[in-house]
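Participant: Following this line is run16.cif, made up of mmCIF, C-alpha atoms:
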data_upload
loop_
_atom_site.group_PDB
_atom_site.id
_atom_site.type_symbol
_atom_site.label_atom_id
_atom_site.label_comp_id
_atom_site.auth_asym_id
_atom_site.auth_seq_id
_atom_site.Cartn_x
_atom_site.Cartn_y
_atom_site.Cartn_z
ATOM 1 C CA MET A 10 -7.726 -14.070 11.580
ATOM 2 C CA LEU A 11 -6.099 -12.863 8.363
ATOM 3 C CA PRO A 12 -2.937 -14.676 7.192
ATOM 4 C CA THR A 13 0.319 -12.935 8.087
ATOM 5 C CA ILE A 14 3.963 -13.226 7.066
ATOM 6 C CA ASN A 15 6.444 -12.015 9.698
ATOM 7 C CA GLY A 16 3.667 -10.026 11.381
ATOM 8 C CA ASN A 17 2.582 -8.386 8.112
ATOM 9 C CA LEU A 18 -0.546 -9.087 6.146
ATOM 10 C CA ALA A 19 0.061 -11.654 3.404
ATOM 11 C CA LEU A 20 -2.427 -9.788 1.202
ATOM 12 C CA PHE A 21 0.045 -6.920 0.965
ATOM 13 C CA GLY A 22 3.363 -8.735 1.287
ATOM 14 C CA ASN A 23 2.855 -11.594 -1.152
ATOM 15 C CA GLY A 24 4.077 -10.468 -4.581
ATOM 16 C CA ASP A 25 1.471 -12.663 -6.277
ATOM 17 C CA SER A 26 -1.504 -11.145 -4.448
ATOM 18 C CA LYS A 27 -3.889 -9.007 -6.498
ATOM 19 C CA ILE A 28 -3.777 -6.336 -3.798
ATOM 20 C CA ARG A 29 0.027 -6.089 -3.884
ATOM 21 C CA GLN A 30 -0.019 -5.980 -7.694
ATOM 22 C CA ALA A 31 -2.595 -3.163 -7.636
ATOM 23 C CA LEU A 32 -0.575 -1.208 -5.057
ATOM 24 C CA ASN A 33 2.610 -1.657 -7.092
ATOM 25 C CA ASN A 34 0.772 -0.443 -10.200
ATOM 26 C CA LEU A 35 -0.503 2.584 -8.283
ATOM 27 C CA SER A 36 3.026 3.275 -7.006
ATOM 28 C CA GLU A 37 4.376 3.261 -10.563
ATOM 29 C CA LYS A 38 1.674 5.681 -11.731
ATOM 30 C CA VAL A 39 2.304 8.053 -8.825
ATOM 31 C CA SER A 40 6.055 7.925 -9.481
ATOM 32 C CA ILE A 41 5.489 8.852 -13.138
ATOM 33 C CA TYR A 42 3.196 11.702 -12.093
ATOM 34 C CA LEU A 43 5.773 12.992 -9.604
ATOM 35 C CA GLN A 44 8.519 12.806 -12.244
ATOM 36 C CA ASP A 45 6.366 15.003 -14.478
ATOM 37 C CA GLN A 46 5.738 17.450 -11.634
ATOM 38 C CA PHE A 47 9.382 17.599 -10.523
ATOM 39 C CA PRO A 48 11.498 17.184 -13.689
ATOM 40 C CA ASP A 49 14.659 18.483 -11.984
ATOM 41 C CA CYS A 50 14.719 15.563 -9.518
ATOM 42 C CA THR A 51 16.986 12.692 -10.508
ATOM 43 C CA LYS A 52 15.337 9.988 -8.395
ATOM 44 C CA ILE A 53 11.710 9.760 -7.357
ATOM 45 C CA ASN A 54 10.322 6.724 -5.600
ATOM 46 C CA PHE A 55 6.803 6.272 -4.253
ATOM 47 C CA SER A 56 5.818 2.989 -2.661
ATOM 48 C CA VAL A 57 3.161 1.596 -0.357
ATOM 49 C CA ALA A 58 4.677 -0.305 2.551
ATOM 50 C CA THR A 59 3.180 -3.520 3.860
ATOM 51 C CA PRO A 60 1.270 -2.613 7.024
ATOM 52 C CA ASN A 61 1.873 -4.399 10.283
ATOM 53 C CA PHE A 62 -1.178 -6.494 11.169
ATOM 54 C CA ASP A 63 -1.861 -4.636 14.425
ATOM 55 C CA ASP A 64 -1.559 -1.247 12.700
ATOM 56 C CA PHE A 65 -3.823 -2.406 9.883
ATOM 57 C CA LEU A 66 -6.644 -3.159 12.299
ATOM 58 C CA LYS A 67 -6.333 0.259 13.964
ATOM 59 C CA ASN A 68 -7.503 1.965 10.777
ATOM 60 C CA TYR A 69 -11.066 0.680 10.903
ATOM 61 C CA ASP A 70 -14.217 1.970 12.528
ATOM 62 C CA THR A 71 -17.278 -0.179 13.091
ATOM 63 C CA GLU A 72 -20.775 1.214 13.429
ATOM 64 C CA LEU A 73 -23.877 -0.797 14.226
ATOM 65 C CA ASP A 74 -27.444 0.359 14.142
ATOM 66 C CA GLY A 75 -29.704 -1.252 16.435
#
Could you rewrite the structure in this file as C-alpha cells?

Facilitator:
Amino acid sequence: MLPTINGNLALFGNGDSKIRQALNNLSEKVSIYLQDQFPDCTKINFSVATPNFDDFLKNYDTELDG
C-alpha cells in the first residue's frame, strides 16, 4: 500500500516530494500562461490538489493479455 497522510497520498502532499515539486512547477507555469491569456484578470490561481487515496486508485485501468 502507498504511504498516506490524512487519507491523501504522501507523494502528492509532502512538500519535499519530487512529484509535488513538479506539480507545483506545472501550476506556476499554467498560472503564468493564464495571466498572459487573460490580462484583465487581477488574480489567477491554478493548482493541483492532493488526491484522496481511494479516488487516486479509481483512475487506473489494468489490462492483462493471456

Participant: For the file shown, what are the residues hit by the PyMOL selection byres ((chain A and resi 58) around 9), laid out as a PyMOL selection string?

Facilitator: chain A and resi 21-22+56-57+59-60

Participant: Please compute the CA of Arg29 in chain A-CA of Leu66 in chain A distance, one decimal, in Å.

Facilitator: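 CA of Leu66 in chain A lies at a distance of 17.7 Å from CA of Arg29 in chain A.
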
Participant: Write out as a ChimeraX atom specification which residues come within 7 Å of Ile53 in chain A when counting all atoms listed in the file, dropping same-chain ones fewer than 3 positions away.

Facilitator: /A:40,44,50

Participant: Please indicate the distance in Å from CA of Asn23 in chain A to CA of Thr71 in chain A, rounded to one decimal place.

Facilitator: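 Computing it gives 27.2 Å between the two atoms.
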
Participant: One decimal, in Å: what's the spacing between CA of Asn33 in chain A and CA of Phe47 in chain A?

Facilitator: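 Spanning CA of Asn33 in chain A to CA of Phe47 in chain A is a straight-line distance of 20.7 Å.
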
Participant: Given the choices A:Lys67, A:Asp25, A:Asn54, A:Asn61, which gets closest to Tyr42 in chain A if the distance is worked out from only C-alpha atoms?

Facilitator: A:Asn54

Participant: Write range 52-71 of chain A as a compact mmCIF listing (two decimals), in the coordinates of the input, completed to N, CA, C and O atoms.

Facilitator:
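And here is the file that came out, part_38.txt:
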# COMPACT_ATOMS: atom_id res chain seq x y z
N LYS A 52 15.88 11.26 -8.87
CA LYS A 52 15.34 9.99 -8.40
C LYS A 52 14.06 10.25 -7.60
O LYS A 52 14.08 10.97 -6.61
N ILE A 53 12.99 9.66 -8.06
CA ILE A 53 11.71 9.76 -7.36
C ILE A 53 11.20 8.35 -7.14
O ILE A 53 11.14 7.55 -8.08
N ASN A 54 10.85 8.04 -5.91
CA ASN A 54 10.32 6.72 -5.60
C ASN A 54 9.11 6.89 -4.69
O ASN A 54 9.17 7.57 -3.68
N PHE A 55 8.01 6.29 -5.07
CA PHE A 55 6.80 6.27 -4.25
C PHE A 55 6.40 4.82 -4.09
O PHE A 55 6.28 4.09 -5.07
N SER A 56 6.22 4.38 -2.87
CA SER A 56 5.82 2.99 -2.66
C SER A 56 4.89 2.90 -1.46
O SER A 56 4.92 3.75 -0.57
N VAL A 57 4.08 1.86 -1.46
CA VAL A 57 3.16 1.60 -0.36
C VAL A 57 3.74 0.45 0.45
O VAL A 57 3.90 -0.66 -0.07
N ALA A 58 4.07 0.71 1.70
CA ALA A 58 4.68 -0.30 2.55
C ALA A 58 3.62 -1.30 3.03
O ALA A 58 2.44 -0.97 3.15
N THR A 59 4.06 -2.49 3.31
CA THR A 59 3.18 -3.52 3.86
C THR A 59 2.88 -3.17 5.31
O THR A 59 3.79 -3.01 6.12
N PRO A 60 1.59 -3.00 5.65
CA PRO A 60 1.27 -2.61 7.02
C PRO A 60 1.45 -3.77 8.00
O PRO A 60 1.24 -4.93 7.65
N ASN A 61 1.84 -3.44 9.21
CA ASN A 61 1.87 -4.40 10.28
C ASN A 61 0.43 -4.76 10.61
O ASN A 61 -0.46 -3.92 10.57
N PHE A 62 0.19 -6.02 10.93
CA PHE A 62 -1.18 -6.49 11.17
C PHE A 62 -1.89 -5.67 12.24
O PHE A 62 -3.04 -5.27 12.05
N ASP A 63 -1.23 -5.40 13.34
CA ASP A 63 -1.86 -4.64 14.42
C ASP A 63 -2.20 -3.22 13.97
O ASP A 63 -3.25 -2.69 14.29
N ASP A 64 -1.30 -2.59 13.20
CA ASP A 64 -1.56 -1.25 12.70
C ASP A 64 -2.69 -1.25 11.68
O ASP A 64 -3.48 -0.30 11.61
N PHE A 65 -2.78 -2.30 10.89
CA PHE A 65 -3.82 -2.41 9.88
C PHE A 65 -5.21 -2.38 10.53
O PHE A 65 -6.11 -1.71 10.06
N LEU A 66 -5.35 -3.09 11.62
CA LEU A 66 -6.64 -3.16 12.30
C LEU A 66 -7.03 -1.85 13.00
O LEU A 66 -8.20 -1.60 13.25
N LYS A 67 -6.05 -1.01 13.30
CA LYS A 67 -6.33 0.26 13.96
C LYS A 67 -7.01 1.27 13.03
O LYS A 67 -7.52 2.27 13.48
N ASN A 68 -6.98 1.01 11.75
CA ASN A 68 -7.50 1.96 10.78
C ASN A 68 -8.96 1.74 10.42
O ASN A 68 -9.44 2.27 9.43
N TYR A 69 -9.67 0.98 11.20
CA TYR A 69 -11.07 0.68 10.90
C TYR A 69 -11.98 1.17 12.02
O TYR A 69 -11.63 1.14 13.20
N ASP A 70 -13.15 1.62 11.60
CA ASP A 70 -14.22 1.97 12.53
C ASP A 70 -15.40 1.06 12.23
O ASP A 70 -15.66 0.73 11.07
N THR A 71 -16.09 0.67 13.26
CA THR A 71 -17.28 -0.18 13.09
C THR A 71 -18.47 0.55 13.69
O THR A 71 -18.39 1.06 14.81
